[in-house]
Structure formats: structure tokens, C-alpha cells
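Participant: Sharing upload.cif here; it has mmCIF, C-alpha atoms.
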data_protein
loop_
_atom_site.label_atom_id
_atom_site.label_comp_id
_atom_site.auth_asym_id
_atom_site.auth_seq_id
_atom_site.Cartn_x
_atom_site.Cartn_y
_atom_site.Cartn_z
CA MET Z 1 102.94 -25.97 2.78
CA LYS Z 2 102.45 -28.80 5.29
CA PHE Z 3 98.69 -28.67 4.65
CA PHE Z 4 99.03 -28.71 0.86
CA HIS Z 5 97.98 -32.36 0.60
CA LEU Z 6 94.80 -31.50 2.50
CA ILE Z 7 94.02 -28.55 0.19
CA TRP Z 8 94.78 -30.60 -2.91
CA GLY Z 9 92.65 -33.46 -1.65
CA ASN Z 10 89.68 -31.14 -1.23
CA LEU Z 11 90.02 -29.93 -4.82
CA LYS Z 12 90.11 -33.52 -6.12
CA ARG Z 13 87.02 -34.54 -4.16
CA ARG Z 14 84.61 -33.31 -6.84
CA LYS Z 15 86.77 -33.75 -9.92
CA LEU Z 16 84.17 -32.77 -12.51
CA ARG Z 17 83.11 -29.64 -10.64
CA THR Z 18 86.69 -28.60 -10.07
CA ALA Z 19 87.61 -29.26 -13.71
CA LEU Z 20 84.69 -27.18 -15.03
CA THR Z 21 85.53 -24.32 -12.66
CA LEU Z 22 89.19 -24.41 -13.69
CA LEU Z 23 88.15 -24.44 -17.35
CA SER Z 24 85.93 -21.38 -16.80
CA ILE Z 25 88.79 -19.49 -15.16
CA LEU Z 26 91.22 -20.61 -17.89
CA VAL Z 27 88.93 -19.34 -20.67
CA ALA Z 28 88.48 -16.01 -18.87
CA PHE Z 29 92.24 -15.45 -18.64
CA VAL Z 30 92.85 -16.56 -22.24
CA LEU Z 31 90.30 -13.93 -23.26
CA PHE Z 32 92.04 -11.43 -20.97
CA GLY Z 33 95.36 -12.10 -22.70
CA PHE Z 34 93.96 -11.77 -26.21
CA LEU Z 35 92.10 -8.56 -25.42
CA CYS Z 36 95.23 -7.05 -23.87
CA ALA Z 37 97.21 -8.01 -26.99
CA ILE Z 38 94.57 -6.45 -29.26
CA LYS Z 39 94.59 -3.29 -27.15
CA GLN Z 40 98.39 -3.19 -27.39
CA ALA Z 41 98.18 -3.60 -31.17
CA LEU Z 42 95.72 -0.73 -31.52
CA VAL Z 43 97.14 1.81 -29.07
CA GLY Z 44 100.68 0.55 -28.44
CA GLY Z 45 102.09 2.99 -30.98
CA VAL Z 46 101.07 5.83 -28.66
CA GLU Z 47 103.50 4.55 -26.02
CA LEU Z 48 106.35 4.28 -28.54
CA ALA Z 49 105.75 7.69 -30.12
CA GLY Z 50 108.55 10.18 -29.65
CA VAL Z 51 107.89 12.75 -26.94
CA ASP Z 52 110.00 15.27 -28.86
CA ARG Z 53 108.16 14.83 -32.17
CA LEU Z 54 105.20 16.70 -33.59
CA VAL Z 55 103.07 15.73 -36.57
CA VAL Z 56 101.84 18.52 -38.85
CA ARG Z 57 98.97 17.69 -41.20
CA HIS Z 58 96.37 19.59 -43.20
CA LYS Z 59 93.84 21.25 -40.92
CA VAL Z 60 90.89 19.85 -42.85
CA SER Z 61 91.91 16.20 -43.24
CA LEU Z 62 94.90 13.93 -43.40
CA ILE Z 63 94.08 13.09 -47.01
CA GLN Z 64 94.59 16.74 -47.99
CA LEU Z 65 98.16 17.39 -49.14
CA LEU Z 66 100.55 20.12 -47.98
CA PRO Z 67 103.09 22.01 -50.13
CA GLU Z 68 106.62 20.66 -49.98
CA ALA Z 69 107.78 24.28 -49.64
CA TYR Z 70 106.42 24.33 -46.06
CA LYS Z 71 109.46 22.39 -44.91
CA ALA Z 72 111.89 25.31 -45.27
CA ARG Z 73 109.50 27.63 -43.46
CA MET Z 74 109.08 25.18 -40.58
CA GLU Z 75 112.83 24.82 -40.19
CA ARG Z 76 113.10 28.56 -39.50
CA ILE Z 77 110.62 28.48 -36.60
CA PRO Z 78 112.37 28.82 -33.20
CA GLY Z 79 112.50 25.54 -31.30
CA VAL Z 80 112.44 23.30 -34.39
CA ALA Z 81 115.43 20.96 -34.66
CA ALA Z 82 114.53 18.97 -37.78
CA VAL Z 83 111.69 18.45 -40.27
CA VAL Z 84 110.86 15.47 -42.50
CA HIS Z 85 107.82 14.58 -44.55
CA GLN Z 86 105.91 11.48 -45.59
CA THR Z 87 103.07 10.82 -48.02
CA TRP Z 88 100.48 8.07 -47.90
CA PHE Z 89 100.99 5.80 -50.91
CA GLY Z 90 98.25 3.22 -50.34
CA GLY Z 91 99.62 0.59 -52.70
CA ILE Z 92 98.52 -3.04 -53.10
CA TYR Z 93 100.81 -6.05 -53.33
CA GLN Z 94 99.21 -8.85 -55.36
CA ASP Z 95 95.91 -8.78 -53.44
CA PRO Z 96 93.89 -6.01 -51.72
CA LYS Z 97 93.95 -7.98 -48.45
CA ASN Z 98 97.75 -7.64 -48.34
CA PHE Z 99 97.56 -4.36 -46.47
CA PHE Z 100 100.65 -2.61 -45.14
CA MET Z 101 101.88 0.97 -45.15
CA GLN Z 102 104.14 2.31 -47.92
CA ASN Z 103 105.42 5.89 -47.79
CA PRO Z 104 107.88 7.91 -49.89
CA VAL Z 105 110.49 9.65 -47.71
CA GLU Z 106 113.84 11.40 -47.92
CA PRO Z 107 116.14 8.59 -46.69
CA GLU Z 108 118.78 10.28 -44.54
CA PRO Z 109 116.57 12.86 -42.78
CA PHE Z 110 113.86 10.25 -42.25
CA MET Z 111 116.16 7.71 -40.60
CA ALA Z 112 117.72 10.43 -38.44
CA MET Z 113 114.23 11.44 -37.29
CA HIS Z 114 113.23 7.85 -36.46
CA PRO Z 115 116.02 6.10 -34.52
CA GLU Z 116 113.55 3.36 -33.60
CA PHE Z 117 114.17 1.93 -37.08
CA VAL Z 118 117.51 0.12 -37.27
CA LEU Z 119 119.04 -0.34 -40.74
CA PRO Z 120 122.56 -1.72 -41.36
CA PRO Z 121 124.96 0.94 -42.74
CA ASP Z 122 125.67 -0.96 -45.96
CA GLN Z 123 121.95 -1.21 -46.69
CA MET Z 124 121.53 2.50 -45.99
CA LYS Z 125 124.33 3.21 -48.48
CA ALA Z 126 122.60 1.00 -51.05
CA TRP Z 127 119.32 2.87 -50.51
CA LEU Z 128 121.02 6.20 -51.20
CA ALA Z 129 122.61 4.79 -54.37
CA THR Z 130 119.47 3.15 -55.79
CA ARG Z 131 116.81 5.46 -57.23
CA THR Z 132 114.11 2.78 -57.12
CA GLY Z 133 115.38 1.40 -53.80
CA ALA Z 134 113.10 0.69 -50.86
CA ILE Z 135 113.54 -0.60 -47.34
CA VAL Z 136 110.97 -2.81 -45.64
CA GLY Z 137 110.34 -3.81 -42.05
CA ARG Z 138 111.29 -7.27 -40.82
CA ASN Z 139 107.67 -8.22 -40.16
CA THR Z 140 106.52 -7.60 -43.73
CA ALA Z 141 109.69 -9.08 -45.24
CA GLU Z 142 109.05 -12.33 -43.39
CA ARG Z 143 105.34 -12.22 -44.21
CA PHE Z 144 105.96 -12.13 -47.98
CA HIS Z 145 109.34 -13.93 -47.89
CA TRP Z 146 111.14 -10.92 -49.34
CA LYS Z 147 114.89 -10.59 -49.23
CA VAL Z 148 117.43 -7.96 -50.20
CA GLY Z 149 117.73 -7.86 -53.98
CA ASP Z 150 114.10 -8.68 -54.76
CA LYS Z 151 112.15 -6.48 -57.17
CA ILE Z 152 108.65 -5.81 -55.84
CA PRO Z 153 105.69 -4.60 -57.96
CA ILE Z 154 103.17 -2.43 -56.10
CA MET Z 155 99.89 -1.32 -57.66
CA SER Z 156 98.54 2.03 -56.51
CA PRO Z 157 94.83 2.90 -56.73
CA ILE Z 158 95.65 6.47 -55.63
CA TRP Z 159 98.56 7.65 -57.79
CA MET Z 160 98.11 7.66 -61.56
CA ARG Z 161 100.40 4.83 -62.52
CA LYS Z 162 99.47 1.20 -63.06
CA THR Z 163 102.46 -0.45 -61.40
CA TRP Z 164 105.38 0.84 -59.38
CA GLU Z 165 108.48 -1.32 -59.09
CA PHE Z 166 110.80 -1.14 -56.08
CA ASP Z 167 114.13 -2.82 -55.43
CA ILE Z 168 114.42 -4.10 -51.87
CA VAL Z 169 117.82 -2.81 -50.74
CA GLY Z 170 117.37 -3.12 -46.98
CA ILE Z 171 115.36 -4.73 -44.19
CA PHE Z 172 115.04 -2.74 -40.97
CA ASP Z 173 114.39 -3.95 -37.44
CA GLY Z 174 112.97 -2.22 -34.39
CA ALA Z 175 115.27 -0.81 -31.73
CA LYS Z 176 112.66 -1.75 -29.11
CA LYS Z 177 110.21 -4.60 -28.77
CA GLY Z 178 106.87 -3.51 -30.11
CA THR Z 179 108.27 -1.20 -32.79
CA ASP Z 180 106.14 -1.39 -35.93
CA THR Z 181 108.23 -3.13 -38.60
CA THR Z 182 105.49 -3.62 -41.20
CA SER Z 183 106.07 -0.52 -43.33
CA LEU Z 184 107.89 -0.04 -46.61
CA PHE Z 185 109.70 3.24 -47.28
CA PHE Z 186 110.97 4.33 -50.68
CA ARG Z 187 112.65 7.43 -52.07
CA TYR Z 188 110.62 10.61 -52.41
CA ASP Z 189 112.60 11.85 -55.43
CA TYR Z 190 111.62 8.73 -57.40
CA PHE Z 191 108.00 9.20 -56.32
CA ASP Z 192 107.88 12.91 -57.17
CA GLU Z 193 109.50 12.46 -60.57
CA ALA Z 194 106.91 9.82 -61.47
CA ARG Z 195 104.10 12.12 -60.30
CA LYS Z 196 105.53 14.95 -62.36
CA ALA Z 197 105.50 12.81 -65.48
CA GLN Z 198 101.81 12.10 -64.84
CA ASN Z 199 101.00 15.73 -63.89
CA TRP Z 200 99.62 14.55 -60.57
CA GLY Z 201 100.26 16.44 -57.33
CA THR Z 202 103.98 17.12 -57.73
CA GLY Z 203 105.62 19.14 -54.98
CA GLN Z 204 103.08 18.11 -52.35
CA VAL Z 205 103.40 15.83 -49.34
CA GLY Z 206 101.06 14.13 -46.91
CA TRP Z 207 102.31 15.31 -43.51
CA TYR Z 208 105.40 16.53 -41.71
CA THR Z 209 107.16 15.26 -38.62
CA ILE Z 210 109.02 17.85 -36.56
CA ARG Z 211 111.60 17.21 -33.86
CA VAL Z 212 111.59 19.97 -31.25
CA LYS Z 213 114.72 21.00 -29.41
CA ASP Z 214 113.00 20.96 -26.02
CA PRO Z 215 110.04 18.57 -25.46
CA ALA Z 216 108.75 20.94 -22.77
CA GLN Z 217 108.23 23.58 -25.50
CA ALA Z 218 106.38 21.23 -27.87
CA ALA Z 219 103.01 22.95 -27.34
CA SER Z 220 104.37 26.42 -28.09
CA VAL Z 221 106.22 25.15 -31.17
CA ALA Z 222 103.02 23.50 -32.44
CA GLN Z 223 101.16 26.75 -31.97
CA ALA Z 224 103.88 28.69 -33.79
CA VAL Z 225 103.75 26.28 -36.74
CA ASP Z 226 100.00 26.64 -37.10
CA LEU Z 227 100.27 30.43 -36.83
CA GLU Z 228 102.89 30.40 -39.60
CA PHE Z 229 100.39 28.94 -42.06
CA GLU Z 230 97.23 30.55 -40.72
CA ASN Z 231 94.95 31.98 -43.45
CA SER Z 232 96.98 30.21 -46.15
CA ALA Z 233 95.53 27.96 -48.82
CA ALA Z 234 96.64 24.93 -46.80
CA GLU Z 235 96.30 25.62 -43.07
CA THR Z 236 97.88 23.11 -40.69
CA LYS Z 237 97.08 21.24 -37.51
CA SER Z 238 100.10 20.36 -35.34
CA GLU Z 239 99.93 17.85 -32.51
CA PRO Z 240 102.25 15.53 -30.55
CA GLU Z 241 103.04 12.31 -32.36
CA GLY Z 242 101.32 10.31 -29.61
CA ALA Z 243 98.08 12.24 -30.12
CA PHE Z 244 98.35 11.70 -33.88
CA VAL Z 245 98.68 7.92 -33.40
CA GLN Z 246 95.88 7.95 -30.83
CA GLY Z 247 93.66 9.64 -33.40
CA PHE Z 248 93.89 6.58 -35.65
CA ALA Z 249 92.97 4.27 -32.76
CA ASN Z 250 90.05 6.50 -31.80
CA GLN Z 251 88.49 5.93 -35.21
CA ILE Z 252 87.59 2.47 -33.90
CA GLY Z 253 86.43 3.81 -30.52
CA ASN Z 254 87.67 4.11 -26.97
CA ILE Z 255 89.74 0.94 -26.97
CA GLY Z 256 90.49 1.04 -23.26
CA LEU Z 257 86.82 1.44 -22.38
CA ILE Z 258 85.72 -1.35 -24.74
CA VAL Z 259 88.32 -3.81 -23.42
CA GLY Z 260 87.60 -2.83 -19.82
CA ALA Z 261 83.84 -3.33 -20.26
CA ILE Z 262 84.26 -6.79 -21.79
CA LEU Z 263 86.73 -7.92 -19.15
CA SER Z 264 84.58 -6.56 -16.32
CA ALA Z 265 81.60 -8.60 -17.54
CA VAL Z 266 83.71 -11.73 -17.95
CA PHE Z 267 85.38 -11.50 -14.55
CA PHE Z 268 82.14 -10.67 -12.77
CA THR Z 269 80.66 -13.87 -14.23
CA ILE Z 270 83.72 -15.91 -13.24
CA LEU Z 271 83.58 -14.38 -9.76
CA LEU Z 272 80.02 -15.64 -9.36
CA VAL Z 273 80.84 -19.10 -10.75
CA THR Z 274 83.95 -19.62 -8.64
CA GLY Z 275 82.38 -18.10 -5.53
CA SER Z 276 79.40 -20.43 -5.87
CA THR Z 277 81.73 -23.41 -6.24
CA MET Z 278 83.69 -22.51 -3.10
CA SER Z 279 80.55 -21.84 -1.06
CA GLN Z 280 79.13 -25.20 -2.04
CA ALA Z 281 82.42 -26.95 -1.26
CA VAL Z 282 82.51 -25.43 2.25
CA ARG Z 283 78.85 -26.33 2.93
CA GLU Z 284 79.58 -29.93 1.98
CA ARG Z 285 82.48 -30.05 4.45
CA ILE Z 286 80.93 -28.34 7.48
CA GLY Z 287 81.24 -31.50 9.52
CA GLU Z 288 84.87 -31.96 8.56
CA LEU Z 289 85.67 -28.36 9.42
CA GLY Z 290 84.09 -28.96 12.81
CA VAL Z 291 86.34 -31.96 13.33
CA LEU Z 292 89.39 -29.88 12.44
CA LYS Z 293 88.41 -27.29 15.03
CA ALA Z 294 87.70 -30.04 17.57
CA ILE Z 295 91.19 -31.53 17.22
CA GLY Z 296 92.92 -28.19 17.70
CA PHE Z 297 92.85 -26.22 14.45
CA THR Z 298 92.39 -22.52 15.16
CA ASN Z 299 89.86 -20.33 13.39
CA GLY Z 300 92.74 -18.67 11.56
CA GLN Z 301 94.04 -22.00 10.28
CA VAL Z 302 90.60 -23.04 9.04
CA VAL Z 303 90.15 -19.68 7.30
CA GLY Z 304 93.60 -20.07 5.77
CA LEU Z 305 92.74 -23.52 4.39
CA VAL Z 306 89.60 -22.23 2.69
CA LEU Z 307 91.37 -19.17 1.25
CA ALA Z 308 94.32 -21.29 0.12
CA GLU Z 309 91.96 -23.63 -1.70
CA SER Z 310 90.25 -20.81 -3.60
CA CYS Z 311 93.57 -19.11 -4.37
CA LEU Z 312 95.06 -22.38 -5.63
CA MET Z 313 92.09 -22.92 -7.95
CA ALA Z 314 92.36 -19.37 -9.27
CA ALA Z 315 96.13 -19.67 -9.68
CA LEU Z 316 95.89 -22.95 -11.60
CA GLY Z 317 93.15 -21.76 -13.95
CA GLY Z 318 94.51 -18.24 -14.34
CA GLY Z 319 98.11 -19.36 -14.73
CA LEU Z 320 97.23 -21.86 -17.45
CA GLY Z 321 95.06 -19.26 -19.19
CA LEU Z 322 97.76 -16.60 -19.15
CA GLY Z 323 100.32 -19.14 -20.35
CA LEU Z 324 98.16 -20.19 -23.28
CA ALA Z 325 97.43 -16.55 -24.13
CA TRP Z 326 101.14 -15.72 -24.06
CA LEU Z 327 102.00 -18.69 -26.31
CA ALA Z 328 99.24 -17.77 -28.76
CA THR Z 329 100.20 -14.08 -28.95
CA SER Z 330 103.96 -14.64 -29.05
CA HIS Z 331 103.73 -15.64 -32.72
CA GLY Z 332 102.80 -12.08 -33.67
CA ASP Z 333 100.02 -10.60 -35.77
CA PRO Z 334 97.35 -13.26 -36.53
CA THR Z 335 95.69 -11.02 -39.14
CA GLY Z 336 98.70 -10.85 -41.44
CA GLY Z 337 99.32 -7.12 -41.17
CA LEU Z 338 96.37 -5.33 -39.59
CA LEU Z 339 97.75 -5.63 -36.03
CA PRO Z 340 101.54 -5.14 -36.34
CA LEU Z 341 102.14 -4.57 -32.59
CA PHE Z 342 100.15 -7.65 -31.52
CA HIS Z 343 101.76 -9.16 -28.41
CA LEU Z 344 101.03 -9.57 -24.70
CA PRO Z 345 103.08 -7.01 -22.73
CA ALA Z 346 104.83 -8.01 -19.52
CA ARG Z 347 102.84 -5.45 -17.54
CA ASP Z 348 99.60 -7.16 -18.58
CA LEU Z 349 100.99 -10.53 -17.53
CA LEU Z 350 101.71 -9.03 -14.11
CA LEU Z 351 98.23 -7.52 -14.05
CA GLY Z 352 96.82 -10.96 -14.89
CA ALA Z 353 98.77 -12.50 -12.01
CA GLY Z 354 97.32 -9.87 -9.70
CA LEU Z 355 93.81 -10.65 -10.98
CA CYS Z 356 94.42 -14.35 -10.23
CA LEU Z 357 95.25 -13.50 -6.64
CA GLY Z 358 92.32 -11.09 -6.34
CA LEU Z 359 89.93 -13.66 -7.78
CA GLY Z 360 91.15 -16.28 -5.30
CA VAL Z 361 90.73 -13.96 -2.32
CA LEU Z 362 87.33 -12.61 -3.36
CA THR Z 363 85.85 -16.03 -4.07
CA GLY Z 364 87.25 -17.49 -0.88
CA ILE Z 365 86.61 -14.70 1.61
CA PHE Z 366 82.88 -15.31 2.18
CA PRO Z 367 83.15 -19.12 2.53
CA ALA Z 368 86.16 -18.51 4.82
CA MET Z 369 84.09 -16.16 6.99
CA GLN Z 370 81.38 -18.82 7.11
CA ALA Z 371 83.94 -21.37 8.28
CA ASN Z 372 85.30 -18.91 10.84
CA ARG Z 373 81.85 -18.44 12.43
CA LEU Z 374 81.21 -22.17 12.53
CA ARG Z 375 80.69 -23.65 16.01
CA VAL Z 376 82.12 -27.07 16.70
CA ALA Z 377 78.99 -28.57 18.29
CA GLU Z 378 76.75 -27.34 15.47
CA ALA Z 379 79.14 -28.61 12.83
CA LEU Z 380 79.45 -32.05 14.39
CA ARG Z 381 75.67 -32.42 14.49
CA ARG Z 382 75.63 -32.10 10.66
CA MET Z 383 77.94 -35.01 10.09
#
Here is the file; what I need is its structure written in the form of C-alpha cells.
Facilitator:
Amino acid sequence: MKFFHLIWGNLKRRKLRTALTLLSILVAFVLFGFLCAIKQALVGGVELAGVDRLVVRHKVSLIQLLPEAYKARMERIPGVAAVVHQTWFGGIYQDPKNFFMQNPVEPEPFMAMHPEFVLPPDQMKAWLATRTGAIVGRNTAERFHWKVGDKIPIMSPIWMRKTWEFDIVGIFDGAKKGTDTTSLFFRYDYFDEARKAQNWGTGQVGWYTIRVKDPAQAASVAQAVDLEFENSAAETKSEPEGAFVQGFANQIGNIGLIVGAILSAVFFTILLVTGSTMSQAVRERIGELGVLKAIGFTNGQVVGLVLAESCLMAALGGGLGLGLAWLATSHGDPTGGLLPLFHLPARDLLLGAGLCLGLGVLTGIFPAMQANRLRVAEALRRM
């Protein structure tokens, strides 16, 4: 630290060049933060998916329905602890751009299957007592300024009814940070009765979620479920919940590969820019480095000064960039519902800090080696 004033003085020598380099690094790390947050929003549900849960859907497509009678048959399969179902509702609130998931469920079994959703006991009791009752996640409730007691009209382009009305009886939170709290769940009996009145798909559901007794036996249970309904009118495809969530993300593409490719291009460019800046700074100070060696500075100390300068520049630009990215992503989903898990995870902040250090070392190592090889007499002649 006793040489900090010397390192800081070198950075201030060419203020415009230093400022532009810092700005380049800052922009790169802001982009890094946003891309990591987008990746988390698209694939973060895979990490939160239950390891002991399987999703059973129609073998042909998710939009194909399954008989409700399958539930009792699944419950009899060895290794199955519990079974619940959901159905895609696809409703619209006021405007088509107000997208969020709404599903009819059986309240008590559904909440027991998904402990990641936290609902106060009194609100759970109200849901069971209200035929048209619905619970909504905190994120969506805040987005539309809903509160318990509100009556919400939802238009459905899928189910043959102009408007469905739901009474908000509860607002649930996530047990863990990153839990998706954008969905609305309402009672399946209300949904099925309305379908029956319209003669539209009664007694059918979208997909099932199964909890297995032993996560190690999940693959064999999935196979047994599919064998149970093999050659039936509605064959099934069973898979771990994480794979089911990943399937939605894969419709966009390989998110990890896309993000990695973009970041690699950005950081390679920043590596060239910062490395060029450091090399130029060392060439401009060859005479001064010779003086330092002449008055007793060792090669190691000179190398340390050059590396410290590059690391300080990377730390300042990268730290500011990560800080701005964290502030920008801490406010949640900027799209209003399309990216419910949008935030910058702590592990990516740590990765960003590591990249700052790596950038500083890589951009400083070659100028430092140049300074290490410098001979005093040759350097003094350049002054």
C-alpha cells in the first residue's frame, strides 16, 4: 500500500485515456450483469425445481390434455407419494401484453406439493371456503396493485367463456429468493363446473406433478408411469421437474451457450483495449522505470507496480459495472412479467469479481514482463 500514490499517479497521468478505458470496462461488466440476470430469469427455475418431483404430460404435446382419471391410477404406482394436476388457462387481464400464468388446481394437495409457495393459514382457509377464490403471487399482486378482497376479471381465448371472475383471497410469497411469484392459482372445481356447462373438455387436465418417495428412484417411477398408460388413447411422457422447466427455456435456444458466446466476444475486445492501454503506458514510462531500478527497486517491485496498476484499473471499472448492474437488476423484472426470476445471483457477482482480477492480471502481465526485462542503461538512454 505504500506505493499506492505512485500507482494512482500513473493512472491520472493520461486522464482521458484512463477514463475511456475505465468506461469500456464498466460497460462490459454492466453487460455481464444483465446477461447473467437474463440467464437466471430463463433457466433459474431449473435450479429451484424439486428433485423429488416428476412432471407427467401428454406424450405428443403439452397442449394435449390428459384424463383426470389418471390421477388415481398414478397414486397406485409403487414409489409415488402424491399426485396433483394443473391445467394451462392462458387468460388475459385487460390487455394481451399483461402476460402471467393462471392455472386451476386443487388447493390443499397443490400447496402440499409445492412448499416453495408460502400462504398464510387464514388465507388458505378463505381459499377453501370461496368457490371463485384465487391466490396470486406477490410479484403479480404488486404489478397490478391487487389486494385481498379484489374481484378480478380474466378473459380466456382458450376456454369457451367470455369472462371469468376471481376473488383474490390470498397473496403468496416465495420460501426462497428467486421463487416465481407471478402466477395465479384458482380452484379446479370452479373451472371444471364452468367447462361442463359449456360442454368443453370436462374431466381433463393439462399435466400432473408427482412426488416420489425416494428421489433416487425417480427414473424408475417415471418409466412405470409411462408403462401404465402405454398404448392408451392418451400416452404420457414423464420427466424430472427440472427437465420439464429446462424444456421451456430450450425453446429459445441454448441460453448458456448464447450468453457465453456474447460475453466471450465482449471480454476478448476489452482484453485487447485494456492490454493496449497498459502496453502504451509502460512504453511511455520506460525512462522512469529505469530510474526506479537505478535507485534500488527490484525487478519484482517494478513488475508488481505494473500489475497493480492494471489490476486497479480493472477493479475500478469492473466494480463500478457490477455495482450498476446489481442496482439495475435488484428492482426485479423490467419486462413486467416475462422474466419473473430476473435478478443477479450472488454467485455471478463473485464470478464477476474473479473476472475483474483475471482481466487485471492478463492485461498487465505482458507489460510487466517487458518492464522486468528492461535494462537500466537502455532505459535511461530513452529519457
Participant: Given the point (88.4, -21.0, -12.1) in the coordinates of this file, which residues lie within 10 Å, counting only C-alpha atoms, and how would they look as JSON, numbers by chain?
Facilitator: {"Z": [18, 19, 20, 21, 22, 23, 24, 25, 26, 27, 28, 29, 270, 271, 273, 274, 275, 277, 310, 311, 312, 313, 314, 315, 316, 317, 318, 321, 356, 359, 360, 363]}
Participant: Which of these residues is nearest to Glu193 in chain Z, using all atoms listed in the file: Z:Glu241, Z:Ala281, Z:Ile158, Z:Pro104?
Facilitator: Z:Pro104
Participant: Expand the PyMOL selection byres ((chain Z and resi 200-209) around 6) into the individual residues it matches in the shown file, reporting them as JSON, numbers by chain.
Facilitator: {"Z": [54, 55, 56, 57, 65, 66, 67, 68, 83, 84, 85, 86, 87, 192, 195, 196, 198, 199, 210]}
Participant: Name all residues at most 10 Å from Asp214 in chain Z (count only C-alpha atoms; drop same-chain ones fewer than 2 positions away) and give them as a ChimeraX atom specification.
Facilitator: /Z:51-53,79-81,211-212,216-218,221
Participant: Could you take the residues named above and write them with C-alpha atoms, as a PDB file, in the frame of the given file?
Facilitator:
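Wrote it out as part_28.pdb, contents follow:
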ATOM      1  CA  VAL Z  51     107.890  12.750 -26.940  1.00  0.00           C
ATOM      2  CA  ASP Z  52     110.000  15.270 -28.860  1.00  0.00           C
ATOM      3  CA  ARG Z  53     108.160  14.830 -32.170  1.00  0.00           C
ATOM      4  CA  GLY Z  79     112.500  25.540 -31.300  1.00  0.00           C
ATOM      5  CA  VAL Z  80     112.440  23.300 -34.390  1.00  0.00           C
ATOM      6  CA  ALA Z  81     115.430  20.960 -34.660  1.00  0.00           C
ATOM      7  CA  ARG Z 211     111.600  17.210 -33.860  1.00  0.00           C
ATOM      8  CA  VAL Z 212     111.590  19.970 -31.250  1.00  0.00           C
ATOM      9  CA  ALA Z 216     108.750  20.940 -22.770  1.00  0.00           C
ATOM     10  CA  GLN Z 217     108.230  23.580 -25.500  1.00  0.00           C
ATOM     11  CA  ALA Z 218     106.380  21.230 -27.870  1.00  0.00           C
ATOM     12  CA  VAL Z 221     106.220  25.150 -31.170  1.00  0.00           C
TER      13      VAL Z 221
END
Participant: Quick one: everything within 6 Å of range 228-236 of chain Z, counting all atoms listed in the file, minus sequence neighbours fewer than 3 positions away in the same chain. Send it as a PDB file with C-alpha atoms, in the frame of the given file.
Facilitator:
ATOM      1  CA  ARG Z  57      98.970  17.690 -41.200  1.00  0.00           C
ATOM      2  CA  HIS Z  58      96.370  19.590 -43.200  1.00  0.00           C
ATOM      3  CA  LYS Z  59      93.840  21.250 -40.920  1.00  0.00           C
ATOM      4  CA  VAL Z 225     103.750  26.280 -36.740  1.00  0.00           C
TER       5      VAL Z 225
END
Participant: Nearest to Gln123 in chain Z: which of Z:Met101, Z:Leu344, Z:Leu263, Z:Val169 is it, counting all atoms listed in the file?
Facilitator: Z:Val169
Participant: Just want the 10 Å neighbourhood of range 183-185 of chain Z, counted on all atoms listed in the file, with same-chain residues fewer than 4 positions away dropped. Output as a list in words.
Facilitator: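 Residues meeting the cut-off are Gln86, Phe89, Phe99, Phe100, Met101, Gln102, Asn103, Pro104, Val105, Glu106, Pro107, Phe110, Gly133, Ala134, Ile135, Val136, Gly137, Arg138, Asn139, Thr140, Ala141, Phe166, Ile168, Gly170, Ile171, Phe172, Gly337 and Pro340 of chain Z.
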Participant: Identify which of the residues Z:Leu35, Z:Leu11, Z:Leu357, Z:Ala328 lies closest to Val259 in chain Z, counting only C-alpha atoms when measuring atom-to-atom distances.
Facilitator: Z:Leu35
Participant: Given the PyMOL selection byres ((chain Z and resi 131) around 10) and the file above, list the residues it selects as a VMD selection string.
Facilitator: chain Z and resid 126 to 130 132 to 134 166 to 167 186 to 191
Participant: Can you work out the spacing between CA of Trp159 in chain Z and CA of Pro109 in chain Z in Å, to one decimal?
Facilitator: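 So the answer is 24.0 Å.
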Participant: Rounded to one decimal place, report the CA of Leu257 in chain Z-CA of Leu322 in chain Z distance in Å.
Facilitator: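 For CA of Leu257 in chain Z relative to CA of Leu322 in chain Z, the distance reads 21.3 Å.
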Participant: Using the file's own x, y and z axes, so that the box edges lie along x, y and z, what centre and edge lengths in Å (one decimal) does a box around every listed atom of range 226-232 of chain Z get when 5 Å is added on each side? Give it as AutoDock Vina command-line options.
Facilitator:
--center_x 98.9 --center_y 29.3 --center_z -41.5 --size_x 17.9 --size_y 15.3 --size_z 19.3
Participant: When distances are computed from all atoms listed in the file, which of Z:Leu362, Z:Pro367, Z:Glu309, Z:Ser330 shows the smallest separation from Gln280 in chain Z?
Facilitator: Z:Pro367
Participant: Distance CA of Ser156 in chain Z-CA of Trp88 in chain Z, one decimal place?
Facilitator: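 Here the two named atoms are 10.7 Å from each other.
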